[in-house]
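One file, run-v2.txt, carrying compact mmCIF, C-alpha atoms:
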# COMPACT_ATOMS: atom_id res chain seq x y z
CA MET A 72 -25.12 16.39 14.48
CA ALA A 73 -24.24 12.72 14.85
CA PRO A 74 -22.74 11.06 11.79
CA PRO A 75 -24.91 8.58 9.88
CA GLN A 76 -24.73 4.98 11.01
CA GLY A 77 -22.16 2.93 9.11
CA LEU A 78 -20.04 5.93 8.18
CA PRO A 79 -16.37 4.85 8.12
CA ILE A 80 -14.26 5.95 11.06
CA ALA A 81 -12.01 8.21 8.99
CA ALA A 82 -15.00 10.07 7.57
CA GLN A 83 -16.62 10.39 10.99
CA CYS A 84 -13.49 12.03 12.37
CA LEU A 85 -13.43 14.42 9.45
CA LEU A 86 -17.07 15.45 9.56
CA LEU A 87 -17.13 16.14 13.29
CA CYS A 88 -16.04 19.73 13.77
CA VAL A 89 -13.38 21.41 15.90
CA GLY A 90 -13.32 24.98 17.08
CA SER A 91 -10.17 26.61 15.74
CA LEU A 92 -7.86 26.77 12.75
CA ALA A 93 -4.10 26.41 12.54
CA PHE A 94 -1.43 26.80 9.90
CA LYS A 95 -0.63 23.97 7.53
CA PRO A 96 2.80 22.63 8.55
CA MET A 97 5.56 20.99 6.57
CA THR A 98 4.41 21.78 3.06
CA TRP A 99 7.43 22.55 0.92
CA GLY A 100 7.22 24.74 -2.18
CA THR A 101 8.33 21.95 -4.51
CA SER A 102 6.78 19.41 -6.83
CA SER A 103 6.96 16.88 -3.98
CA LEU A 104 3.96 15.88 -1.90
CA SER A 105 4.30 16.08 1.86
CA HIS A 106 2.60 13.89 4.45
CA GLY A 107 0.13 16.75 4.88
CA ASP A 108 -0.67 16.93 1.17
CA ILE A 109 -1.20 13.19 0.90
CA THR A 110 -3.37 13.11 4.02
CA GLU A 111 -5.54 16.01 2.88
CA MET A 112 -6.13 14.46 -0.53
CA ALA A 113 -6.96 11.09 1.03
CA VAL A 114 -9.49 12.38 3.55
CA LEU A 115 -11.22 14.64 1.02
CA ARG A 116 -11.54 11.75 -1.42
CA LYS A 117 -12.80 9.29 1.20
CA THR A 118 -15.30 11.78 2.62
CA ALA A 119 -16.62 12.44 -0.88
CA GLU A 120 -16.89 8.72 -1.56
CA VAL A 121 -18.86 8.16 1.64
CA CYS A 122 -21.24 11.02 0.84
CA ARG A 123 -21.68 9.69 -2.69
CA ASP A 124 -22.51 6.20 -1.43
CA LEU A 125 -25.01 7.57 1.09
CA ALA A 126 -26.66 9.68 -1.61
CA LEU A 127 -26.97 6.71 -3.96
CA ALA A 128 -28.37 4.53 -1.18
CA GLU A 129 -31.02 7.17 -0.48
CA GLY A 130 -31.82 7.71 -4.15
CA ARG A 131 -30.37 11.22 -4.27
CA PRO A 132 -28.10 12.58 -7.03
CA PHE A 133 -24.46 13.29 -6.33
CA GLY A 134 -22.88 15.68 -8.79
CA LEU A 135 -19.31 15.95 -7.51
CA THR A 136 -16.51 14.42 -9.59
CA ILE A 137 -14.10 12.67 -7.24
CA ASP A 138 -10.58 13.44 -8.43
CA SER A 139 -7.41 15.24 -7.35
CA SER A 140 -9.06 18.67 -7.63
CA LEU A 141 -11.26 18.18 -4.56
CA THR A 142 -11.42 20.99 -2.00
CA ALA A 143 -13.01 21.15 1.42
CA SER A 144 -15.60 23.61 0.16
CA ARG A 145 -16.65 21.49 -2.82
CA VAL A 146 -16.85 18.31 -0.76
CA LEU A 147 -18.89 20.00 1.95
CA SER A 148 -21.35 21.43 -0.57
CA ALA A 149 -21.77 18.03 -2.23
CA CYS A 150 -22.31 16.28 1.10
CA PHE A 151 -24.94 18.79 2.23
CA PRO A 152 -26.63 19.94 -1.01
CA ASP A 153 -29.83 21.11 0.68
CA SER A 154 -28.08 23.44 3.13
CA ASP A 155 -28.19 27.18 2.73
CA PRO A 156 -24.84 28.11 1.10
CA SER A 157 -24.65 31.25 3.23
CA LEU A 158 -24.75 29.08 6.36
CA LEU A 159 -22.48 26.33 5.10
CA SER A 160 -18.95 27.32 6.19
CA ASP A 161 -16.00 25.12 5.34
CA LEU A 162 -13.78 26.62 8.07
CA LYS A 163 -14.54 23.97 10.67
CA PHE A 164 -14.24 21.20 8.09
CA LYS A 165 -10.81 22.51 7.11
CA ALA A 166 -9.87 22.66 10.78
CA VAL A 167 -10.68 18.96 11.14
CA ILE A 168 -8.39 18.12 8.25
CA ILE A 169 -5.65 20.34 9.68
CA ALA A 170 -5.91 18.59 13.05
CA ILE A 171 -5.36 15.22 11.37
CA TYR A 172 -2.38 16.14 9.24
CA THR A 173 -0.80 18.16 12.05
CA SER A 174 -0.85 14.98 14.12
CA ASN A 175 0.60 13.16 11.12
CA TRP A 176 3.58 15.54 10.93
CA ALA A 177 4.08 15.42 14.69
CA VAL A 178 5.43 11.87 14.28
CA ASP A 179 8.52 13.41 12.64
CA LEU A 180 8.81 16.21 15.19
CA GLY A 181 8.97 14.33 18.49
CA TYR A 182 10.61 11.29 20.03
CA THR A 183 8.71 9.03 17.61
CA PHE A 184 11.00 10.33 14.84
CA LEU A 185 13.69 8.03 16.26
CA ILE A 186 11.53 4.91 16.69
CA SER A 187 11.72 2.55 13.71
CA LYS A 188 8.23 1.07 13.92
CA TYR A 189 6.58 4.45 13.32
CA HIS A 190 8.30 4.58 9.91
CA PHE A 191 8.71 0.90 8.92
CA ASP A 192 12.49 1.37 9.11
CA ASP A 193 14.92 -1.43 10.00
CA GLU A 194 12.61 -4.21 8.72
CA SER A 195 10.04 -3.38 11.43
CA PHE A 196 7.08 -4.62 9.38
CA VAL A 197 5.38 -6.54 12.17
CA GLU A 198 5.76 -3.71 14.68
CA GLY A 199 4.63 -1.09 12.14
CA ARG A 200 1.55 -3.11 11.18
CA ASN A 201 0.71 -3.50 14.87
CA LEU A 202 0.85 0.29 15.30
CA ILE A 203 -1.59 0.73 12.42
CA THR A 204 -4.13 -1.91 13.47
CA GLU A 205 -4.00 -0.94 17.15
CA GLY A 206 -4.38 2.70 16.13
CA VAL A 207 -7.48 1.94 14.07
CA HIS A 208 -8.96 0.10 17.06
CA SER A 209 -8.21 3.14 19.26
CA VAL A 210 -9.83 5.50 16.75
CA LYS A 211 -13.01 3.43 16.74
CA ALA A 212 -13.09 3.36 20.54
CA SER A 213 -12.60 7.13 20.75
CA VAL A 214 -15.44 7.76 18.29
CA LYS A 215 -17.78 5.52 20.31
CA MET A 216 -16.92 7.59 23.40
CA GLU A 217 -17.38 10.79 21.35
CA ASN A 218 -13.78 11.76 22.06
CA PHE A 219 -13.33 13.06 18.54
CA LEU A 220 -10.18 15.06 19.19
CA SER A 221 -8.39 11.94 20.38
CA ALA A 222 -9.70 10.06 17.34
CA ARG A 223 -8.26 12.66 14.96
CA VAL A 224 -4.86 12.71 16.69
CA THR A 225 -4.57 8.93 16.54
CA LEU A 226 -5.80 8.84 12.97
CA GLY A 227 -3.08 11.28 11.93
CA THR A 228 -0.42 9.12 13.56
CA VAL A 229 -1.76 6.02 11.82
CA PHE A 230 -1.73 7.82 8.48
CA HIS A 231 1.94 8.74 8.93
CA THR A 232 3.06 5.17 9.56
CA LEU A 233 0.90 3.85 6.73
CA GLN A 234 2.34 6.42 4.30
CA ASP A 235 5.90 5.69 5.40
CA PHE A 236 5.49 2.04 4.46
CA TYR A 237 5.31 3.00 0.79
CA SER A 238 8.11 5.55 1.19
CA HIS A 239 10.57 3.46 3.18
CA SER A 240 10.10 0.00 1.66
CA ASN A 241 10.62 -1.50 -1.78
CA TRP A 242 6.87 -1.98 -2.36
CA ILE A 243 6.93 0.44 -5.31
CA GLU A 244 10.14 -1.02 -6.78
CA MET A 245 8.39 -4.40 -6.86
CA LYS A 246 5.96 -2.72 -9.30
CA ASN A 247 2.93 -3.15 -7.06
CA LYS A 248 0.03 -1.03 -8.29
CA VAL A 249 -2.41 -1.48 -5.40
CA PRO A 250 -2.19 -0.79 -1.64
CA PHE A 251 -0.84 -3.48 0.66
CA SER A 252 -4.12 -4.36 2.38
CA THR A 253 -2.40 -6.71 4.85
CA LEU A 254 -1.21 -3.61 6.73
CA ILE A 255 -4.74 -2.96 8.00
CA GLN A 256 -5.75 -6.60 8.52
CA PRO A 257 -4.04 -8.01 11.63
CA TYR A 258 -5.33 -11.53 11.03
CA LEU A 259 -3.38 -11.89 7.77
CA PRO A 260 0.26 -13.05 7.90
CA LEU A 261 3.09 -10.82 6.74
CA GLU A 262 4.87 -13.08 4.29
CA ASN A 263 8.02 -13.05 2.16
CA LEU A 264 9.90 -10.57 4.33
CA ALA A 265 13.65 -10.16 3.88
CA ASP A 266 15.46 -10.99 7.10
CA ARG A 267 18.18 -8.75 8.52
CA GLY A 268 20.95 -11.03 7.33
CA THR A 269 19.94 -11.00 3.66
CA PRO A 270 21.68 -8.47 1.39
CA THR A 271 19.07 -6.45 -0.50
CA CYS A 272 20.93 -3.72 -2.40
CA ARG A 273 24.17 -2.43 -3.85
CA ASP A 274 25.78 0.76 -2.58
CA CYS A 275 25.10 3.90 -4.58
CA VAL A 276 27.96 4.73 -6.95
CA GLY A 277 28.97 8.34 -7.33
CA GLY A 278 25.62 9.47 -6.01
CA ASN A 279 23.71 7.30 -8.49
CA CYS A 280 21.21 5.02 -6.73
CA LYS A 281 19.29 3.92 -9.81
CA ASP A 282 18.37 0.20 -9.80
CA ASN A 283 20.48 -0.51 -6.72
CA ILE A 284 18.02 -3.01 -5.22
CA LEU A 285 19.36 -6.48 -6.02
CA PRO A 286 17.39 -8.15 -8.85
CA GLU A 287 17.09 -11.39 -6.88
CA ILE A 288 15.21 -9.46 -4.16
CA LEU A 289 12.81 -7.91 -6.67
CA ASN A 290 12.31 -11.15 -8.61
CA ALA A 291 11.54 -13.05 -5.42
CA LYS A 292 9.16 -10.26 -4.30
CA LYS A 293 11.04 -9.98 -1.01
CA LEU A 294 9.75 -7.06 1.05
CA THR A 295 12.49 -5.00 2.67
CA SER A 296 12.91 -1.54 4.14
CA GLY A 297 15.60 1.07 4.70
CA TYR A 298 17.73 1.61 7.78
CA PHE A 299 17.77 4.89 9.68
CA SER A 300 20.05 6.49 12.26
CA VAL A 301 20.50 10.08 13.42
CA PHE A 302 23.84 9.29 15.04
CA SER A 303 25.66 7.16 12.49
CA SER A 304 25.99 7.01 8.71
CA SER A 305 26.72 3.29 8.78
CA LYS A 306 24.19 0.65 7.79
CA PRO A 307 24.09 -3.17 7.74
CA LYS A 308 26.17 -4.55 4.87
CA GLY A 309 24.10 -5.01 1.74
CA ARG A 310 21.16 -2.94 3.02
CA PHE A 311 19.91 0.45 1.89
CA PRO A 312 19.45 3.43 4.20
CA THR A 313 16.27 5.43 4.64
CA ASN A 314 17.69 8.98 4.82
CA THR A 315 20.46 7.80 7.16
CA PHE A 316 22.82 10.58 8.18
CA SER A 317 25.11 11.73 10.96
CA LEU A 318 25.52 15.26 12.25
CA SER A 319 29.19 15.27 11.27
CA ARG A 320 28.33 14.33 7.70
CA ILE A 321 25.79 17.15 7.53
CA LEU A 322 28.31 19.66 8.84
CA GLN A 323 30.89 18.45 6.33
CA ARG A 324 28.25 18.40 3.54
CA ARG A 325 29.32 14.87 2.60
CA PHE A 326 25.86 13.92 1.41
CA THR A 327 25.10 10.50 -0.01
CA LYS A 328 22.14 9.76 -2.26
CA TYR A 329 19.61 7.22 -1.01
CA ILE A 330 16.98 5.07 -2.61
CA ASN A 331 14.05 5.91 -0.34
CA THR A 332 13.56 9.14 1.55
CA THR A 333 11.10 11.63 2.90
CA VAL A 334 10.45 15.23 1.97
CA VAL A 335 12.55 16.50 4.88
CA SER A 336 15.58 14.42 3.97
CA LEU A 337 15.15 15.24 0.28
CA LEU A 338 16.12 18.78 1.17
CA LEU A 339 19.37 17.39 2.56
CA PHE A 340 19.89 14.54 0.11
CA PRO A 341 18.39 15.44 -3.31
CA ALA A 342 18.61 11.99 -4.85
CA PRO A 343 17.10 11.64 -8.32
CA PHE A 344 15.84 8.09 -7.83
CA THR A 345 13.72 8.29 -4.70
CA HIS A 346 10.11 8.03 -3.69
CA TYR A 347 8.67 9.59 -0.58
Let's see the structure in the file written out as structure tokens.
Amino acid sequence: MAPPQGLPIAAQCLLLCVGSLAFKPMTWGTSSLSHGDITEMAVLRKTAEVCRDLALAEGRPFGLTIDSSLTASRVLSACFPDSDPSLLSDLKFKAVIIAIYTSNWAVDLGYTFLISKYHFDDESFVEGRNLITEGVHSVKASVKMENFLSARVTLGTVFHTLQDFYSHSNWIEMKNKVPFSTLIQPYLPLENLADRGTPTCRDCVGGNCKDNILPEILNAKKLTSGYFSVFSSSKPKGRFPTNTFSLSRILQRRFTKYINTTVVSLLLFPAPFTHY
């Protein structure tokens, strides 16, 4: 069944079914949320919102409460209330979600793990934003050609980079409470970026990284990001690392705490003042 006209691209990719299921990768048994967890919650919420808006536009009731307790089964039932429950299986819907967040995690499992722009590392804000906006354009093109598998794979990659912006930058430390919409709008300028020569943080002391971003950076609302390297534990002077480590440091267990990290690096560097 073709999706309704005007349905957002993300929801179209979700509602169009695939044929098989897979395991859910990279979900750690901790209180942390992985890329997969965040992606699943986001796509369930957006799909529910789209179905709610369509129902309201058509004068139909929509009884589902949109919150963090959403499941694929509940969303599917709310989107298709007139379907026979015995015929309404959520397996294919779950498979669509799995395909998207598997692609999301693949960014950290292949060569893209080492490329800064996929993670907004090394002040790569322009390059990271380009990846997101070009990816959205590619998703739309794939949907128009009914290449839905390609659309889901690209969407998962876009989600990873978008999520890493909030993990690997100081957006949260600047006390922003809303998403940075400029990341999905290529015609808007990226302003007030810290350049590579500007110190942005103090070194962690004794493993304590609390409040190590320089107050003048936060007061000026300067956007900055962490620096990452697999091969070296060094970083530019006055800058903070994004889970930077070297193999020798891992072998010697000389772990340093960092301000911003991901779930994977949190297992290696359990810093108390991180977001990911």
Interatomic distance (Å, one decimal) between CA of Val229 (chain A) and CA of Phe164 (chain A):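 Going from CA of Val229 (chain A) over to CA of Phe164 (chain A) covers 20.0 Å.
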Gap from CA of Arg116 (chain A) to CA of Phe151 (chain A) - Å, one decimal: 15.6 Å
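In this comparison, which uses all atoms listed in the file, the residue of A:Cys272, A:Met216, A:Val146, A:Val210 approaching Glu244 (chain A) most closely is A:Cys272.
Compared by their closest atoms to Leu162 (chain A), and using only C-alpha atoms, the residues A:Leu147, A:Leu259, A:Val207, A:Val276 rank with A:Leu147 nearest.
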Residue contacts of Ser144 (chain A) (9 Å, all atoms listed in the file) excluding same-chain residues fewer than 3 positions away, as an MDAnalysis selection string: chainID A and resid 141 147:149 159:162 164:165
Å distance separating CA of Lys293 (chain A) from CA of Ser105 (chain A), one decimal place: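 Distance reported for this atom pair: 27.1 Å.
Contact shell of Pro286 (chain A) at 12 Å (all atoms listed in the file; same-chain neighbours under 3 positions omitted): A:Asn241, A:Glu244, A:Met245, A:Pro270, A:Thr271, A:Cys272, A:Arg273, A:Asp282, A:Asn283, A:Leu289, A:Asn290, A:Ala291, A:Lys292, A:Lys293.
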How big is the axis-aligned box around all listed atoms of region 235-244 of chain A once 8 Å goes on each side, and where's its centre, in Å to one decimal, as AutoDock Vina command-line options?
--center_x 8.0 --center_y 1.9 --center_z -0.7 --size_x 21.3 --size_y 23.7 --size_z 28.2
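Counting all atoms listed in the file and comparing A:Leu233, A:Ala170, A:Leu115, A:Leu185, the residue that lies closest to Ser252 (chain A) is A:Leu233.
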